[in-house]
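input_7.tsv follows (TSV, N, CA and C atoms):
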```
chain	number	residue	atom	x	y	z
J	14	MET	N	121.78	107.85	102.50
J	14	MET	CA	123.09	107.23	102.59
J	14	MET	C	122.99	105.76	102.37
J	15	GLY	N	121.97	105.12	102.92
J	15	GLY	CA	121.82	103.70	102.75
J	15	GLY	C	121.86	103.30	101.29
J	16	LYS	N	121.32	104.16	100.44
J	16	LYS	CA	121.31	103.90	99.00
J	16	LYS	C	122.73	103.67	98.48
J	17	HIS	N	123.67	104.55	98.88
J	17	HIS	CA	125.04	104.42	98.41
J	17	HIS	C	125.68	103.13	98.90
J	18	LEU	N	125.51	102.83	100.18
J	18	LEU	CA	126.14	101.64	100.73
J	18	LEU	C	125.47	100.37	100.22
J	19	ARG	N	124.18	100.39	100.01
J	19	ARG	CA	123.52	99.21	99.46
J	19	ARG	C	124.05	98.87	98.08
J	20	ASN	N	124.42	99.91	97.35
J	20	ASN	CA	124.94	99.69	96.01
J	20	ASN	C	126.27	98.93	96.02
J	21	ILE	N	126.98	98.97	97.13
J	21	ILE	CA	128.27	98.26	97.18
J	21	ILE	C	128.22	97.07	98.12
J	22	GLY	N	127.02	96.66	98.49
J	22	GLY	CA	126.88	95.41	99.22
J	22	GLY	C	126.72	95.49	100.71
J	23	TYR	N	126.56	96.67	101.29
J	23	TYR	CA	126.38	96.80	102.73
J	23	TYR	C	124.90	97.03	103.01
J	24	GLU	N	124.17	95.95	103.12
J	24	GLU	CA	122.72	96.02	103.24
J	24	GLU	C	122.25	96.83	104.43
J	25	ASP	N	122.94	96.76	105.55
J	25	ASP	CA	122.50	97.45	106.75
J	25	ASP	C	123.19	98.79	106.95
J	26	GLY	N	124.03	99.21	106.04
J	26	GLY	CA	124.77	100.46	106.21
J	26	GLY	C	125.89	100.31	107.21
J	27	MET	N	126.50	101.42	107.52
J	27	MET	CA	127.64	101.39	108.43
J	27	MET	C	127.16	101.35	109.89
J	28	LYS	N	128.00	100.84	110.74
J	28	LYS	CA	127.70	100.82	112.17
J	28	LYS	C	127.92	102.22	112.73
J	29	LYS	N	127.22	102.51	113.81
J	29	LYS	CA	127.29	103.85	114.39
J	29	LYS	C	128.70	104.21	114.85
J	30	ASN	N	129.43	103.25	115.41
J	30	ASN	CA	130.79	103.58	115.86
J	30	ASN	C	131.69	103.92	114.67
J	31	THR	N	131.45	103.30	113.53
J	31	THR	CA	132.20	103.63	112.33
J	31	THR	C	131.83	105.03	111.86
J	32	ALA	N	130.53	105.34	111.88
J	32	ALA	CA	130.05	106.66	111.48
J	32	ALA	C	130.65	107.74	112.39
J	33	GLU	N	130.70	107.47	113.68
J	33	GLU	CA	131.28	108.43	114.62
J	33	GLU	C	132.76	108.67	114.34
J	34	ALA	N	133.48	107.59	114.06
J	34	ALA	CA	134.91	107.72	113.75
J	34	ALA	C	135.11	108.51	112.46
J	35	MET	N	134.28	108.24	111.46
J	35	MET	CA	134.37	108.96	110.19
J	35	MET	C	134.07	110.45	110.39
J	36	ARG	N	133.06	110.75	111.20
J	36	ARG	CA	132.72	112.14	111.50
J	36	ARG	C	133.89	112.83	112.20
J	37	ASP	N	134.42	112.20	113.23
J	37	ASP	CA	135.50	112.80	114.00
J	37	ASP	C	136.75	113.03	113.15
J	38	LEU	N	137.10	112.06	112.34
J	38	LEU	CA	138.26	112.21	111.47
J	38	LEU	C	138.03	113.29	110.41
J	39	SER	N	136.83	113.35	109.89
J	39	SER	CA	136.50	114.38	108.89
J	39	SER	C	136.57	115.77	109.50
J	40	LEU	N	136.00	115.93	110.69
J	40	LEU	CA	136.05	117.24	111.35
J	40	LEU	C	137.48	117.62	111.70
J	41	GLY	N	138.30	116.63	112.07
J	41	GLY	CA	139.71	116.90	112.33
J	41	GLY	C	140.44	117.36	111.07
J	42	ALA	N	140.09	116.75	109.95
J	42	ALA	CA	140.70	117.17	108.68
J	42	ALA	C	140.30	118.60	108.33
J	43	ILE	N	139.04	118.95	108.56
J	43	ILE	CA	138.59	120.32	108.31
J	43	ILE	C	139.34	121.30	109.21
J	44	THR	N	139.52	120.94	110.47
J	44	THR	CA	140.26	121.79	111.40
J	44	THR	C	141.68	122.01	110.91
J	45	ASN	N	142.34	120.93	110.50
J	45	ASN	CA	143.72	121.05	110.03
J	45	ASN	C	143.82	121.85	108.74
J	46	LEU	N	142.87	121.68	107.84
J	46	LEU	CA	142.88	122.47	106.61
J	46	LEU	C	142.70	123.95	106.93
J	47	SER	N	141.85	124.25	107.88
J	47	SER	CA	141.65	125.65	108.29
J	47	SER	C	142.93	126.22	108.90
J	48	LYS	N	143.63	125.43	109.68
J	48	LYS	CA	144.90	125.87	110.27
J	48	LYS	C	145.94	126.15	109.19
J	49	LEU	N	145.89	125.40	108.10
J	49	LEU	CA	146.81	125.62	106.99
J	49	LEU	C	146.69	127.06	106.49
J	50	LEU	N	145.47	127.56	106.44
J	50	LEU	CA	145.27	128.94	105.99
J	50	LEU	C	145.84	129.94	107.00
J	51	VAL	N	145.64	129.67	108.27
J	51	VAL	CA	146.15	130.57	109.31
J	51	VAL	C	147.68	130.64	109.24
J	52	VAL	N	148.31	129.50	109.09
J	52	VAL	CA	149.78	129.42	109.07
J	52	VAL	C	150.34	130.09	107.81
J	53	SER	N	149.64	129.97	106.71
J	53	SER	CA	150.20	130.46	105.44
J	53	SER	C	149.81	131.90	105.10
J	54	LYS	N	148.85	132.47	105.82
J	54	LYS	CA	148.30	133.78	105.43
J	54	LYS	C	149.36	134.85	105.18
J	55	ASP	N	150.26	135.05	106.08
J	55	ASP	CA	151.26	136.12	105.91
J	55	ASP	C	152.60	135.58	105.41
J	56	GLN	N	152.61	134.35	104.95
J	56	GLN	CA	153.86	133.73	104.54
J	56	GLN	C	153.95	133.50	103.03
J	57	CYS	N	152.97	133.98	102.29
J	57	CYS	CA	152.99	133.81	100.84
J	57	CYS	C	152.35	135.03	100.19
J	58	THR	N	152.46	135.10	98.90
J	58	THR	CA	151.87	136.23	98.18
J	58	THR	C	150.34	136.15	98.24
J	59	PRO	N	149.68	137.27	98.02
J	59	PRO	CA	148.21	137.23	98.00
J	59	PRO	C	147.66	136.26	96.94
J	60	GLU	N	148.35	136.16	95.83
J	60	GLU	CA	147.92	135.23	94.78
J	60	GLU	C	148.06	133.78	95.24
J	61	GLU	N	149.19	133.48	95.88
J	61	GLU	CA	149.39	132.13	96.41
J	61	GLU	C	148.35	131.82	97.48
J	62	PHE	N	148.08	132.79	98.35
J	62	PHE	CA	147.10	132.56	99.40
J	62	PHE	C	145.71	132.33	98.81
J	63	ALA	N	145.38	133.08	97.78
J	63	ALA	CA	144.07	132.89	97.13
J	63	ALA	C	143.96	131.47	96.56
J	64	THR	N	145.04	130.98	95.99
J	64	THR	CA	145.05	129.61	95.45
J	64	THR	C	144.89	128.60	96.57
J	65	LEU	N	145.63	128.80	97.67
J	65	LEU	CA	145.51	127.91	98.83
J	65	LEU	C	144.10	127.94	99.40
J	66	LYS	N	143.55	129.15	99.53
J	66	LYS	CA	142.20	129.31	100.09
J	66	LYS	C	141.17	128.59	99.23
J	67	LYS	N	141.31	128.69	97.94
J	67	LYS	CA	140.39	127.99	97.03
J	67	LYS	C	140.52	126.48	97.19
J	68	GLY	N	141.74	125.99	97.25
J	68	GLY	CA	141.97	124.55	97.41
J	68	GLY	C	141.42	124.03	98.73
J	69	VAL	N	141.63	124.78	99.80
J	69	VAL	CA	141.10	124.39	101.11
J	69	VAL	C	139.58	124.40	101.07
J	70	GLY	N	139.00	125.41	100.45
J	70	GLY	CA	137.54	125.47	100.35
J	70	GLY	C	136.96	124.30	99.58
J	71	ILE	N	137.61	123.94	98.50
J	71	ILE	CA	137.15	122.79	97.70
J	71	ILE	C	137.27	121.50	98.52
J	72	ALA	N	138.39	121.33	99.21
J	72	ALA	CA	138.60	120.12	100.02
J	72	ALA	C	137.57	120.03	101.14
J	73	ILE	N	137.33	121.14	101.84
J	73	ILE	CA	136.35	121.14	102.92
J	73	ILE	C	134.96	120.85	102.36
J	74	GLY	N	134.64	121.44	101.22
J	74	GLY	CA	133.34	121.18	100.58
J	74	GLY	C	133.17	119.71	100.23
J	75	GLN	N	134.21	119.09	99.72
J	75	GLN	CA	134.13	117.67	99.39
J	75	GLN	C	133.98	116.81	100.64
J	76	ILE	N	134.67	117.14	101.69
J	76	ILE	CA	134.52	116.40	102.94
J	76	ILE	C	133.07	116.50	103.42
J	77	GLN	N	132.52	117.71	103.33
J	77	GLN	CA	131.14	117.92	103.79
J	77	GLN	C	130.15	117.15	102.93
J	78	THR	N	130.29	117.24	101.62
J	78	THR	CA	129.28	116.65	100.73
J	78	THR	C	129.49	115.17	100.45
J	79	GLU	N	130.71	114.70	100.53
J	79	GLU	CA	130.98	113.32	100.15
J	79	GLU	C	131.24	112.39	101.32
J	80	ILE	N	131.46	112.94	102.50
J	80	ILE	CA	131.70	112.09	103.67
J	80	ILE	C	130.68	112.40	104.76
J	81	LEU	N	130.68	113.64	105.24
J	81	LEU	CA	129.80	113.98	106.36
J	81	LEU	C	128.32	113.85	106.00
J	82	SER	N	127.95	114.19	104.78
J	82	SER	CA	126.54	114.07	104.42
J	82	SER	C	126.12	112.61	104.37
J	83	VAL	N	127.02	111.72	104.00
J	83	VAL	CA	126.72	110.29	103.98
J	83	VAL	C	126.55	109.78	105.41
J	84	VAL	N	127.47	110.16	106.27
J	84	VAL	CA	127.41	109.76	107.68
J	84	VAL	C	126.12	110.27	108.33
J	85	CYS	N	125.85	111.55	108.14
J	85	CYS	CA	124.72	112.18	108.83
J	85	CYS	C	123.37	111.81	108.23
J	86	SER	N	123.35	111.33	107.00
J	86	SER	CA	122.08	110.89	106.45
J	86	SER	C	121.62	109.59	107.12
J	87	GLN	N	122.57	108.77	107.54
J	87	GLN	CA	122.21	107.55	108.26
J	87	GLN	C	122.05	107.80	109.76
J	88	TYR	N	122.86	108.70	110.29
J	88	TYR	CA	122.82	109.00	111.73
J	88	TYR	C	122.69	110.51	111.91
J	89	PRO	N	121.49	111.06	111.74
J	89	PRO	CA	121.30	112.51	111.83
J	89	PRO	C	121.75	113.10	113.17
J	90	GLU	N	121.72	112.32	114.22
J	90	GLU	CA	122.13	112.82	115.53
J	90	GLU	C	123.63	113.13	115.59
J	91	LEU	N	124.39	112.67	114.61
J	91	LEU	CA	125.83	112.94	114.58
J	91	LEU	C	126.14	114.27	113.89
J	92	ASP	N	125.14	114.89	113.31
J	92	ASP	CA	125.33	116.16	112.61
J	92	ASP	C	125.50	117.27	113.63
J	93	ASP	N	126.71	117.79	113.76
J	93	ASP	CA	126.97	118.81	114.77
J	93	ASP	C	126.50	120.19	114.35
J	94	LEU	N	125.99	120.32	113.14
J	94	LEU	CA	125.50	121.61	112.67
J	94	LEU	C	124.01	121.79	112.93
J	95	LYS	N	123.37	120.80	113.48
J	95	LYS	CA	121.93	120.91	113.75
J	95	LYS	C	121.68	121.26	115.18
```
Could you spell out this file's structure in structure tokens?
Amino acid sequence: MGKHLRNIGYEDGMKKNTAEAMRDLSLGAITNLSKLLVVSKDQCTPEEFATLKKGVGIAIGQIQTEILSVVCSQYPELDDLK
């Protein structure tokens, strides 16, 4: 992660409290995206639901790979999956 931040001028990387806030907000976004599927499951056609499910999956994947992986590479102790 430091590599990415160093490229934009943050020599020491992000502070831990910032990393914690980013983790918490990201996990909240994942929770809300998951709830979107629960709310919409029986309220749309199977085709519409499949489209929503794909979009939610892509969004969650991007949050994981583009935000949480950056946070957890600098602060591995913040990774709740370990």
Choose the residue, out of J:Asn45, J:Thr31, J:Glu60, J:Asp37, that has the smallest atom-to-atom separation from J:Asp93; count only C-alpha atoms.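 Once distances to J:Asp93 are computed over only C-alpha atoms, the minimum belongs to J:Asp37.
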Just how far from atom N of J:Leu50 is atom C of J:Thr78, in Å to one decimal?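 If I compute the distance from atom C of J:Thr78 to atom N of J:Leu50, I get 21.1 Å.
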To test the calculation: enclose all listed atoms of stretch 72-84 of chain J in a box whose edges run along x, y and z, add 4 Å on each side, then state centre and edge lengths in Å to one decimal, as AutoDock Vina command-line options.
```
--center_x 132.4 --center_y 115.6 --center_z 103.8 --size_x 20.5 --size_y 19.7 --size_z 17.1
```
In Å, with one decimal, what is the gap from atom CA of J:Ser47 to atom N of J:Gln87?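 Value for the atom CA of J:Ser47-atom N of J:Gln87 distance: 25.5 Å.
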Please return, as a ChimeraX atom specification, all residues of chain J that DSSP assigns to helix (DSSP H, G or I) on the basis of the backbone. /J:15-20,29-53,59-87,89-91
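Between J:Ala34 and the candidates J:Pro89, J:Ala63, J:Leu81, J:Ile71, the tightest atom-to-atom separation, counting only C-alpha atoms, involves J:Leu81.
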Atom pair atom CA of J:Leu91 / atom CA of J:Leu49: separation (Å):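 For atom CA of J:Leu91 relative to atom CA of J:Leu49, the distance reads 25.7 Å.
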